[in-house]
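Enquirer: For reference, the file final-v3.txt (compact mmCIF, C-alpha atoms and all ligand atoms) is included below:
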# COMPACT_ATOMS: atom_id res chain seq x y z
CA MET Q 1 -6.00 22.51 -1.35
CA ARG Q 2 -3.26 20.22 -0.19
CA LYS Q 3 -2.26 22.64 2.53
CA LYS Q 4 -5.84 22.84 3.68
CA ILE Q 5 -6.12 19.06 3.92
CA PHE Q 6 -2.88 18.90 5.82
CA LYS Q 7 -4.04 21.53 8.29
CA ARG Q 8 -7.21 19.57 8.86
CA LEU Q 9 -5.10 16.48 9.45
CA ALA Q 10 -3.02 18.27 12.07
CA LEU Q 11 -6.13 19.68 13.72
CA ALA Q 12 -7.81 16.29 13.77
CA ALA Q 13 -4.71 14.75 15.30
CA THR Q 14 -4.82 17.36 18.08
CA ILE Q 15 -8.50 16.79 18.72
CA GLY Q 16 -7.69 13.09 18.77
CA LEU Q 17 -5.77 13.55 22.00
CA ALA Q 18 -9.12 14.10 23.68
CA GLY Q 19 -10.19 10.78 22.26
CA THR Q 20 -12.58 10.72 19.32
CA SER Q 21 -13.09 8.66 16.22
CA ILE Q 22 -13.01 11.80 14.05
CA ALA Q 23 -9.24 11.71 14.21
CA ASN Q 24 -9.17 8.20 12.87
CA VAL Q 25 -11.40 9.07 9.94
CA ALA Q 26 -9.31 12.09 9.00
CA LEU Q 27 -6.01 10.27 9.42
CA ALA Q 28 -7.22 7.36 7.38
CA ASN Q 29 -7.31 9.64 4.35
CA HIS Q 30 -3.56 9.96 4.50
CA ALA Q 31 -1.83 7.33 6.57
CA TRP Q 32 -3.51 4.03 7.31
CA GLY Q 33 -3.64 5.19 10.86
CA THR Q 34 -0.58 5.81 12.93
CA TYR Q 35 1.11 2.68 11.65
CA HIS Q 36 4.83 2.84 11.11
CA TRP Q 37 7.97 0.77 11.23
CA ALA Q 38 9.70 0.93 14.61
CA ARG Q 39 13.18 2.33 14.22
CA THR Q 40 15.75 4.12 16.36
CA THR Q 41 17.09 6.58 13.77
CA PRO Q 42 15.36 9.47 11.95
CA GLN Q 43 16.01 7.83 8.59
CA PHE Q 44 16.00 4.10 7.92
CA THR Q 45 16.25 1.75 4.94
CA LEU Q 46 13.45 -0.67 4.17
CA LYS Q 47 14.35 -3.73 2.11
CA LEU Q 48 12.07 -4.37 -0.84
CA GLY Q 49 12.30 -8.06 -1.76
CA ASN Q 50 12.12 -8.39 -5.54
CA ASN Q 51 10.05 -11.48 -6.37
CA LEU Q 52 8.96 -10.02 -9.70
CA THR Q 53 8.93 -12.39 -12.65
CA THR Q 54 8.95 -9.94 -15.57
CA THR Q 55 11.16 -7.03 -16.59
CA ALA Q 56 7.96 -5.02 -17.16
CA TRP Q 57 7.47 -5.15 -13.37
CA SER Q 58 11.07 -5.07 -12.14
CA ALA Q 59 11.62 -1.87 -14.14
CA ARG Q 60 8.62 -0.34 -12.37
CA LEU Q 61 9.97 -1.33 -8.95
CA THR Q 62 13.37 0.14 -9.79
CA GLN Q 63 11.70 3.37 -10.83
CA THR Q 64 9.47 3.70 -7.79
CA ALA Q 65 12.24 2.82 -5.33
CA SER Q 66 14.28 5.59 -6.91
CA ASP Q 67 11.34 8.02 -6.80
CA TRP Q 68 10.60 7.34 -3.13
CA ASN Q 69 14.29 7.79 -2.30
CA ALA Q 70 14.47 11.11 -4.14
CA GLY Q 71 12.43 13.24 -1.71
CA ASN Q 72 13.05 14.53 1.78
CA THR Q 73 12.15 11.19 3.31
CA PRO Q 74 12.57 9.22 6.53
CA VAL Q 75 12.02 5.97 4.57
CA LEU Q 76 14.78 4.97 2.17
CA THR Q 77 14.29 1.82 0.12
CA ALA Q 78 16.76 -0.81 -1.06
CA ILE Q 79 15.80 -3.50 -3.55
CA VAL Q 80 17.13 -6.90 -2.50
CA ALA Q 81 16.66 -10.44 -3.78
CA GLY Q 82 13.19 -11.77 -3.06
CA SER Q 83 12.67 -14.17 -0.13
CA THR Q 84 9.35 -15.69 -1.14
CA SER Q 85 7.59 -17.00 -4.22
CA ALA Q 86 5.68 -14.65 -6.47
CA ARG Q 87 2.51 -16.69 -6.21
CA THR Q 88 2.28 -17.08 -2.43
CA CYS Q 89 4.08 -13.80 -1.63
CA LYS Q 90 4.60 -14.69 2.02
CA MET Q 91 5.63 -12.01 4.46
CA VAL Q 92 9.21 -11.91 5.67
CA ALA Q 93 9.98 -10.17 8.96
CA GLY Q 94 11.40 -6.68 8.67
CA THR Q 95 10.84 -6.36 4.93
CA THR Q 96 8.36 -5.65 2.18
CA GLN Q 97 8.12 -8.47 -0.35
CA VAL Q 98 7.03 -7.32 -3.81
CA CYS Q 99 5.33 -9.83 -6.12
CA ASN Q 100 3.43 -10.24 -9.37
CA ALA Q 101 1.46 -13.18 -10.75
CA SER Q 102 -1.78 -13.93 -12.49
CA TYR Q 103 -3.72 -14.06 -9.24
CA GLY Q 104 -7.00 -14.56 -11.07
CA ASN Q 105 -10.24 -12.77 -11.96
CA ASN Q 106 -10.71 -11.51 -8.42
CA GLY Q 107 -11.37 -7.84 -9.18
CA TRP Q 108 -8.16 -6.33 -7.84
CA LEU Q 109 -5.21 -4.71 -9.57
CA GLY Q 110 -2.99 -4.24 -6.56
CA LEU Q 111 -2.90 -5.41 -2.96
CA ALA Q 112 -0.79 -4.21 -0.05
CA SER Q 113 -0.76 -5.99 3.30
CA ILE Q 114 0.99 -5.02 6.50
CA ASN Q 115 1.28 -7.02 9.69
CA LEU Q 116 1.07 -4.91 12.83
CA SER Q 117 2.24 -5.40 16.35
CA GLY Q 118 0.45 -2.56 18.11
CA ASP Q 119 1.19 0.51 15.98
CA HIS Q 120 4.34 -0.98 14.54
CA ILE Q 121 4.61 -2.50 11.09
CA THR Q 122 6.62 -5.71 11.32
CA GLN Q 123 6.42 -6.94 7.70
CA GLY Q 124 4.55 -6.29 4.48
CA THR Q 125 3.74 -7.42 0.97
CA ALA Q 126 2.80 -5.65 -2.25
CA LYS Q 127 1.16 -7.68 -5.02
CA MET Q 128 0.30 -6.78 -8.63
CA ASN Q 129 -2.28 -8.85 -10.48
CA ASP Q 130 -1.19 -9.83 -14.00
CA THR Q 131 -4.64 -11.23 -14.76
CA TYR Q 132 -5.60 -7.58 -15.36
CA PHE Q 133 -2.23 -6.02 -16.14
CA ASN Q 134 -1.85 -8.40 -19.06
CA THR Q 135 -5.07 -7.07 -20.62
CA ALA Q 136 -5.16 -4.11 -23.02
CA THR Q 137 -6.96 -1.84 -20.55
CA TYR Q 138 -4.27 -1.95 -17.87
CA ASN Q 139 -1.15 -3.02 -19.73
CA ASN Q 140 0.80 0.19 -19.98
CA VAL Q 141 3.86 1.57 -18.22
CA ASN Q 142 2.01 4.41 -16.47
CA GLU Q 143 -0.80 2.37 -14.93
CA ARG Q 144 1.75 -0.21 -13.79
CA GLU Q 145 3.93 2.51 -12.27
CA HIS Q 146 0.98 4.13 -10.52
CA VAL Q 147 -0.13 0.92 -8.84
CA MET Q 148 3.40 -0.27 -8.00
CA CYS Q 149 4.24 3.12 -6.47
CA GLN Q 150 1.06 3.11 -4.36
CA GLU Q 151 1.22 -0.49 -3.11
CA VAL Q 152 4.87 -0.22 -2.08
CA ALA Q 153 4.19 3.03 -0.21
CA HIS Q 154 1.22 1.53 1.66
CA THR Q 155 3.81 -0.70 3.30
CA PHE Q 156 5.59 2.45 4.57
CA GLY Q 157 2.35 3.23 6.44
CA LEU Q 158 1.25 5.84 3.89
CA GLY Q 159 -2.38 6.24 2.79
CA HIS Q 160 -4.11 7.96 -0.13
CA GLN Q 161 -4.22 11.65 -0.95
CA SER Q 162 -7.55 11.27 -2.70
CA GLU Q 163 -9.81 8.44 -3.78
CA ASP Q 164 -12.29 10.18 -6.10
CA GLY Q 165 -10.37 9.56 -9.32
CA SER Q 166 -8.98 13.08 -9.57
CA SER Q 167 -5.25 13.52 -10.01
CA GLN Q 168 -3.19 15.14 -7.25
CA ASN Q 169 -0.19 14.18 -9.37
CA SER Q 170 0.67 11.63 -6.70
CA CYS Q 171 0.66 7.87 -7.08
CA MET Q 172 -1.29 7.92 -3.80
CA ASP Q 173 -4.43 9.01 -5.69
CA TYR Q 174 -6.93 7.10 -7.84
CA PHE Q 175 -6.36 8.77 -11.18
CA SER Q 176 -6.62 6.01 -13.80
CA ASN Q 177 -3.77 5.90 -16.32
CA THR Q 178 -5.93 3.96 -18.74
CA GLY Q 179 -7.90 4.61 -21.93
CA SER Q 180 -7.21 8.11 -23.24
CA ASN Q 181 -4.93 8.65 -20.21
CA ALA Q 182 -2.79 5.58 -20.83
CA GLY Q 183 0.03 7.75 -22.15
CA SER Q 184 -0.10 10.17 -19.22
CA THR Q 185 2.66 10.04 -16.61
CA VAL Q 186 0.50 12.03 -14.18
CA SER Q 187 0.12 10.32 -10.74
CA THR Q 188 2.92 7.83 -11.31
CA LYS Q 189 5.26 9.26 -8.65
CA PRO Q 190 5.07 10.61 -5.09
CA ASN Q 191 4.65 14.37 -4.65
CA ALA Q 192 5.83 16.76 -1.94
CA HIS Q 193 2.71 16.18 0.16
CA ASP Q 194 3.46 12.43 0.38
CA PHE Q 195 6.89 13.18 1.79
CA SER Q 196 5.37 15.70 4.18
CA VAL Q 197 2.96 13.07 5.54
CA LEU Q 198 5.78 10.52 5.84
CA ASN Q 199 7.79 12.99 7.89
CA THR Q 200 4.80 13.48 10.18
CA ILE Q 201 4.32 9.72 10.62
CA TYR Q 202 8.01 9.26 11.39
CA ALA Q 203 8.56 12.44 13.44
CA HIS Q 204 9.21 10.45 16.64
CA LEU Q 205 11.83 7.81 17.37
CA ASP Q 206 11.25 4.36 18.85
CA SER Q 207 13.45 2.48 21.28
CA THR Q 208 13.26 -0.73 19.24
CA THR Q 209 13.31 -1.62 15.56
CA THR Q 210 11.11 -3.83 13.41
CA VAL Q 211 13.18 -3.20 10.28
CA ALA Q 212 15.54 -5.90 8.97
CA ALA Q 213 19.18 -4.83 9.19
CA THR Q 214 20.98 -3.57 6.10
CA PRO Q 215 23.16 -4.80 4.59
CA GLY Q 216 22.91 -8.53 5.14
CA PRO Q 217 20.70 -11.35 3.95
CA VAL Q 218 17.05 -11.60 4.89
CA VAL Q 219 16.13 -14.82 6.61
CA ALA Q 220 12.51 -15.73 7.01
CA ALA Q 221 11.71 -15.62 10.71
CA ALA Q 222 10.21 -18.60 12.48
CA LYS Q 223 6.52 -17.94 12.83
CA GLY Q 224 5.78 -20.11 15.82
CA GLY Q 225 3.02 -21.85 13.95
CA VAL Q 226 0.92 -18.71 13.57
CA ASP Q 227 0.27 -17.69 10.00
CA VAL Q 228 -0.23 -13.93 9.82
CA ASP Q 229 -0.21 -13.91 6.02
CA ILE Q 230 -3.11 -13.36 3.77
CA SER Q 231 -3.41 -16.01 1.11
CA ASN Q 232 -4.74 -15.79 -2.44
CA ASP Q 233 -8.18 -16.41 -0.94
CA PRO Q 234 -9.84 -12.98 -0.35
CA ALA Q 235 -11.64 -14.48 2.66
CA SER Q 236 -8.24 -14.41 4.38
CA TRP Q 237 -8.27 -10.57 4.37
CA GLY Q 238 -10.70 -10.47 7.29
CA ALA Q 239 -13.42 -7.83 7.70
CA LEU Q 240 -14.07 -4.86 5.43
CA MET Q 241 -13.27 -1.73 7.46
CA LYS Q 242 -13.44 1.14 5.00
CA GLN Q 243 -14.25 1.73 1.35
CA SER Q 244 -14.13 4.81 -0.87
CA ALA Q 245 -17.42 6.19 -2.24
CA ASN Q 246 -16.54 5.08 -5.76
CA GLY Q 247 -15.71 1.59 -4.49
CA ARG Q 248 -12.17 1.50 -5.87
CA SER Q 249 -10.33 1.48 -2.55
CA SER Q 250 -10.93 -0.80 0.43
CA ILE Q 251 -9.19 -1.63 3.67
CA TYR Q 252 -9.66 -5.02 5.31
CA GLN Q 253 -8.54 -6.02 8.81
CA ARG Q 254 -7.75 -9.42 10.24
CA PHE Q 255 -6.95 -10.30 13.86
CA ASN Q 256 -4.36 -13.06 14.18
CA GLN Q 257 -3.88 -15.70 16.86
CA ASP Q 258 -0.59 -14.15 17.95
CA GLY Q 259 -2.30 -10.84 18.79
CA SER Q 260 -1.05 -9.09 15.66
CA VAL Q 261 -3.30 -7.45 13.08
CA THR Q 262 -2.99 -7.76 9.31
CA LEU Q 263 -4.33 -4.84 7.28
CA THR Q 264 -4.91 -5.25 3.56
CA HIS Q 265 -5.41 -2.36 1.20
CA VAL Q 266 -7.15 -3.28 -2.06
CA PHE Q 267 -6.93 -1.33 -5.34
CA TRP Q 268 -9.96 -2.57 -7.28
CA THR Q 269 -10.34 -2.50 -11.06
CA ASN Q 270 -12.65 0.10 -12.58
CA GLU Q 271 -15.05 -2.70 -13.51
CA ALA Q 272 -15.19 -4.33 -10.08
CA ALA Q 273 -15.89 -0.97 -8.43
CA ALA Q 274 -18.47 0.27 -10.95
CA ASN Q 275 -20.47 -2.90 -10.55
CA CYS Q 276 -21.60 -1.84 -7.06
CA PRO Q 277 -19.50 0.91 -5.42
CA SER Q 278 -20.76 0.29 -1.87
CA CYS Q 279 -20.57 -3.52 -1.94
CA ASP Q 280 -17.87 -5.76 -0.56
CA HIS Q 281 -16.58 -6.70 -4.01
CA ARG Q 282 -15.38 -10.09 -2.82
CA ARG Q 283 -18.92 -11.40 -3.07
CA ASN Q 284 -18.78 -11.02 -6.87
CA PHE Q 285 -15.72 -13.19 -7.24
CA ARG Q 286 -16.60 -16.29 -5.29
ZN ZN A 1 6.84 4.32 16.99
ZN ZN A 2 -4.20 2.16 -2.16
If you convert what's in this file into structure tokens, what do you get?
Expert:
Amino acid sequence: MRKKIFKRLALAATIGLAGTSIANVALANHAWGTYHWARTTPQFTLKLGNNLTTTAWSARLTQTASDWNAGNTPVLTAIVAGSTSARTCKMVAGTTQVCNASYGNNGWLGLASINLSGDHITQGTAKMNDTYFNTATYNNVNEREHVMCQEVAHTFGLGHQSEDGSSQNSCMDYFSNTGSNAGSTVSTKPNAHDFSVLNTIYAHLDSTTTVAATPGPVVAAAKGGVDVDISNDPASWGALMKQSANGRSSIYQRFNQDGSVTLTHVFWTNEAAANCPSCDHRRNFR
């Protein structure tokens, strides 16, 4: 099954050279598109800024950083001190900032945003919403690990393996580690197919880099007055571009004044999605 999907992906990419939107649809199932960090070496290290406020979350970040480093991967991760506040979770050039807070009854469990300059990721954030993770339904190690693993990897440029709720035993699926599955570790880690897709995304080299140097401190870059961040207001995500049939996964796109694009990937709660799978769920939380 996985092989078949991958073949289709390769085929679609080839067809895409002739110029068609089919390629984009197929690619969107796996990567967000062709988005990637610019880098000049086959393997690079992405700094994950730890702005997490609880050990329940920092333990999950430690685990997923280790899991993503354990495969045959072009993207190594290194956890560094956070450079923003958990609540605002502002982007910092060349890094992914990882945050948790009680962001409110807004319907989402996890949120990943990347800022793009052309096809290149320049900075990203991954946010976990304690408003839901502190409730009985979602408050377990496996659901936390699943969402942490997925949001962090979206900032690598990686998309989902499936969105129908089935388990591919990858954190890039929408299996729900809740209810009778709360004790299941299935879908809490990347699988071989995730690493295969990452190697495809990063098969080429760039002549420049958008990745912050390691080691060394991360200094927030001057933004020239243009705010490319999303805020805690869902209206700041921009337009809804794509949503899974079951309504649990959405991608929003915002065009910024500096010519960059901010993409936001939303992992909705079961309840928010079930309410109206095809709706823009933001309308229910205004
Ligand atoms: Zn490139
Ligand atoms: Zn996702």
Enquirer: Restricting the calculation to only C-alpha atoms: of Q:Leu158, Q:Ala81, Q:Leu109, Q:Met172, which residue gets closest to Q:Leu198?
Expert: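 Ranked by minimum distance to Q:Leu198, first place goes to Q:Leu158.
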Enquirer: Given all atoms listed in the file as the basis, pick out the residue of Q:Leu46, Q:Ala192, Q:Val211, Q:Val98 nearest to ligand ZN 1 (chain A).
Expert: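 Closest to ligand ZN 1 (chain A) of all the choices is Q:Val211.
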Enquirer: So what do you get for atom CA of Q:Phe285 versus atom CA of Q:Gln243, distance-wise?
Expert: 17.3 Å
Enquirer: Can I get the residues of stretch 148-256 of chain Q within 8 Å of stretch 111-135 of chain Q, each with the closest pair of atoms and their distance in Å to one decimal, using all atoms listed in the file, sorted chain first then ascending number, as CSV?
Expert:
residue,atom,partner,partner_atom,distance
Q:Met148,CA,Q:Met128,CA,7.2
Q:Glu151,CA,Q:Ala112,CA,5.2
Q:Val152,CA,Q:Ala126,CA,5.8
Q:His154,CA,Q:Ala112,CA,6.3
Q:Thr155,CA,Q:Gly124,CA,5.8
Q:Gly157,CA,Q:Ile121,CA,7.7
Q:Thr210,CA,Q:Thr122,CA,5.3
Q:Val211,CA,Q:Thr122,CA,7.1
Q:Val228,CA,Q:Asn115,CA,7.1
Q:Asp229,CA,Q:Asn115,CA,7.9
Q:Ile230,CA,Q:Ser113,CA,7.7
Enquirer: Interatomic distance between atom CA of Q:His265 and atom CA of Q:Tyr252?
Expert: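 Atom CA of Q:Tyr252 lies 6.5 Å from atom CA of Q:His265.
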Enquirer: Please list, as a list in words, the residues that have an atom at most 8 Å away from (-9.4, -9.8, -6.3) in the coordinates of this file, counting only C-alpha atoms.
Expert: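 In the file's frame, the residues around the point are Tyr103, Gly104, Asn105, Asn106, Gly107, Trp108, Leu109, Pro234, Trp268, Arg282 and Phe285 of chain Q.
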Enquirer: Anything within 10 Å of (-15.7, -7.4, -7.5): list those residues as an mmCIF file with C-alpha atoms, keeping the file's coordinate frame, counting all atoms listed in the file and sticking to the file's coordinates.
Expert:
data_model
loop_
_atom_site.group_PDB
_atom_site.id
_atom_site.type_symbol
_atom_site.label_atom_id
_atom_site.label_comp_id
_atom_site.auth_asym_id
_atom_site.auth_seq_id
_atom_site.Cartn_x
_atom_site.Cartn_y
_atom_site.Cartn_z
ATOM 1 C CA ASN Q 105 -10.240 -12.770 -11.960
ATOM 2 C CA ASN Q 106 -10.710 -11.510 -8.420
ATOM 3 C CA GLY Q 107 -11.370 -7.840 -9.180
ATOM 4 C CA TRP Q 108 -8.160 -6.330 -7.840
ATOM 5 C CA GLY Q 247 -15.710 1.590 -4.490
ATOM 6 C CA ARG Q 248 -12.170 1.500 -5.870
ATOM 7 C CA TRP Q 268 -9.960 -2.570 -7.280
ATOM 8 C CA THR Q 269 -10.340 -2.500 -11.060
ATOM 9 C CA ASN Q 270 -12.650 0.100 -12.580
ATOM 10 C CA GLU Q 271 -15.050 -2.700 -13.510
ATOM 11 C CA ALA Q 272 -15.190 -4.330 -10.080
ATOM 12 C CA ALA Q 273 -15.890 -0.970 -8.430
ATOM 13 C CA ALA Q 274 -18.470 0.270 -10.950
ATOM 14 C CA ASN Q 275 -20.470 -2.900 -10.550
ATOM 15 C CA CYS Q 276 -21.600 -1.840 -7.060
ATOM 16 C CA PRO Q 277 -19.500 0.910 -5.420
ATOM 17 C CA CYS Q 279 -20.570 -3.520 -1.940
ATOM 18 C CA ASP Q 280 -17.870 -5.760 -0.560
ATOM 19 C CA HIS Q 281 -16.580 -6.700 -4.010
ATOM 20 C CA ARG Q 282 -15.380 -10.090 -2.820
ATOM 21 C CA ARG Q 283 -18.920 -11.400 -3.070
ATOM 22 C CA ASN Q 284 -18.780 -11.020 -6.870
ATOM 23 C CA PHE Q 285 -15.720 -13.190 -7.240
ATOM 24 C CA ARG Q 286 -16.600 -16.290 -5.290
#
Enquirer: Would you compute the distance between atom CA of Q:Ser170 and atom CA of Q:Ile201? Give it in Å to one decimal.
Expert: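 Between atom CA of Q:Ser170 and atom CA of Q:Ile201 the gap is 17.8 Å.
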Enquirer: N, CA and C atoms for stretch 252-272 of chain Q, written as a PDB file, in the frame of the given file, could you do that?
Expert:
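Saved result, selection.pdb, follows:
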ATOM      1  N   TYR Q 252      -9.176  -3.869   4.559  1.00  0.00           N
ATOM      2  CA  TYR Q 252      -9.660  -5.020   5.310  1.00  0.00           C
ATOM      3  C   TYR Q 252      -8.735  -5.237   6.517  1.00  0.00           C
ATOM      4  N   GLN Q 253      -9.298  -5.817   7.571  1.00  0.00           N
ATOM      5  CA  GLN Q 253      -8.540  -6.020   8.810  1.00  0.00           C
ATOM      6  C   GLN Q 253      -8.757  -7.434   9.333  1.00  0.00           C
ATOM      7  N   ARG Q 254      -7.660  -8.067   9.687  1.00  0.00           N
ATOM      8  CA  ARG Q 254      -7.750  -9.420  10.240  1.00  0.00           C
ATOM      9  C   ARG Q 254      -6.988  -9.499  11.566  1.00  0.00           C
ATOM     10  N   PHE Q 255      -7.617 -10.086  12.575  1.00  0.00           N
ATOM     11  CA  PHE Q 255      -6.950 -10.300  13.860  1.00  0.00           C
ATOM     12  C   PHE Q 255      -6.352 -11.695  13.859  1.00  0.00           C
ATOM     13  N   ASN Q 256      -5.084 -11.782  14.221  1.00  0.00           N
ATOM     14  CA  ASN Q 256      -4.360 -13.060  14.180  1.00  0.00           C
ATOM     15  C   ASN Q 256      -4.227 -13.671  15.572  1.00  0.00           C
ATOM     16  N   GLN Q 257      -3.980 -14.969  15.586  1.00  0.00           N
ATOM     17  CA  GLN Q 257      -3.880 -15.700  16.860  1.00  0.00           C
ATOM     18  C   GLN Q 257      -2.754 -15.197  17.755  1.00  0.00           C
ATOM     19  N   ASP Q 258      -1.714 -14.616  17.145  1.00  0.00           N
ATOM     20  CA  ASP Q 258      -0.590 -14.150  17.950  1.00  0.00           C
ATOM     21  C   ASP Q 258      -0.788 -12.727  18.468  1.00  0.00           C
ATOM     22  N   GLY Q 259      -2.007 -12.180  18.282  1.00  0.00           N
ATOM     23  CA  GLY Q 259      -2.300 -10.840  18.790  1.00  0.00           C
ATOM     24  C   GLY Q 259      -1.991  -9.747  17.781  1.00  0.00           C
ATOM     25  N   SER Q 260      -1.353 -10.100  16.671  1.00  0.00           N
ATOM     26  CA  SER Q 260      -1.050  -9.090  15.660  1.00  0.00           C
ATOM     27  C   SER Q 260      -2.281  -8.875  14.761  1.00  0.00           C
ATOM     28  N   VAL Q 261      -2.222  -7.792  14.005  1.00  0.00           N
ATOM     29  CA  VAL Q 261      -3.300  -7.450  13.080  1.00  0.00           C
ATOM     30  C   VAL Q 261      -2.719  -7.360  11.672  1.00  0.00           C
ATOM     31  N   THR Q 262      -3.419  -7.912  10.705  1.00  0.00           N
ATOM     32  CA  THR Q 262      -2.990  -7.760   9.310  1.00  0.00           C
ATOM     33  C   THR Q 262      -3.997  -6.880   8.587  1.00  0.00           C
ATOM     34  N   LEU Q 263      -3.498  -5.755   8.071  1.00  0.00           N
ATOM     35  CA  LEU Q 263      -4.330  -4.840   7.280  1.00  0.00           C
ATOM     36  C   LEU Q 263      -4.039  -5.056   5.808  1.00  0.00           C
ATOM     37  N   THR Q 264      -5.087  -5.082   5.000  1.00  0.00           N
ATOM     38  CA  THR Q 264      -4.910  -5.250   3.560  1.00  0.00           C
ATOM     39  C   THR Q 264      -5.632  -4.141   2.824  1.00  0.00           C
ATOM     40  N   HIS Q 265      -4.881  -3.476   1.979  1.00  0.00           N
ATOM     41  CA  HIS Q 265      -5.410  -2.360   1.200  1.00  0.00           C
ATOM     42  C   HIS Q 265      -5.599  -2.830  -0.237  1.00  0.00           C
ATOM     43  N   VAL Q 266      -6.826  -2.728  -0.740  1.00  0.00           N
ATOM     44  CA  VAL Q 266      -7.150  -3.280  -2.060  1.00  0.00           C
ATOM     45  C   VAL Q 266      -7.411  -2.163  -3.071  1.00  0.00           C
ATOM     46  N   PHE Q 267      -6.756  -2.251  -4.206  1.00  0.00           N
ATOM     47  CA  PHE Q 267      -6.930  -1.330  -5.340  1.00  0.00           C
ATOM     48  C   PHE Q 267      -7.742  -2.086  -6.381  1.00  0.00           C
ATOM     49  N   TRP Q 268      -9.067  -1.819  -6.399  1.00  0.00           N
ATOM     50  CA  TRP Q 268      -9.960  -2.570  -7.280  1.00  0.00           C
ATOM     51  C   TRP Q 268      -9.903  -2.069  -8.714  1.00  0.00           C
ATOM     52  N   THR Q 269     -10.240  -2.925  -9.661  1.00  0.00           N
ATOM     53  CA  THR Q 269     -10.340  -2.500 -11.060  1.00  0.00           C
ATOM     54  C   THR Q 269     -11.527  -1.550 -11.208  1.00  0.00           C
ATOM     55  N   ASN Q 270     -11.506  -0.777 -12.288  1.00  0.00           N
ATOM     56  CA  ASN Q 270     -12.650   0.100 -12.580  1.00  0.00           C
ATOM     57  C   ASN Q 270     -13.939  -0.709 -12.656  1.00  0.00           C
ATOM     58  N   GLU Q 271     -13.855  -1.877 -13.276  1.00  0.00           N
ATOM     59  CA  GLU Q 271     -15.050  -2.700 -13.510  1.00  0.00           C
ATOM     60  C   GLU Q 271     -15.609  -3.260 -12.206  1.00  0.00           C
ATOM     61  N   ALA Q 272     -14.736  -3.754 -11.349  1.00  0.00           N
ATOM     62  CA  ALA Q 272     -15.190  -4.330 -10.080  1.00  0.00           C
ATOM     63  C   ALA Q 272     -15.879  -3.280  -9.225  1.00  0.00           C
TER      64      ALA Q 272
END
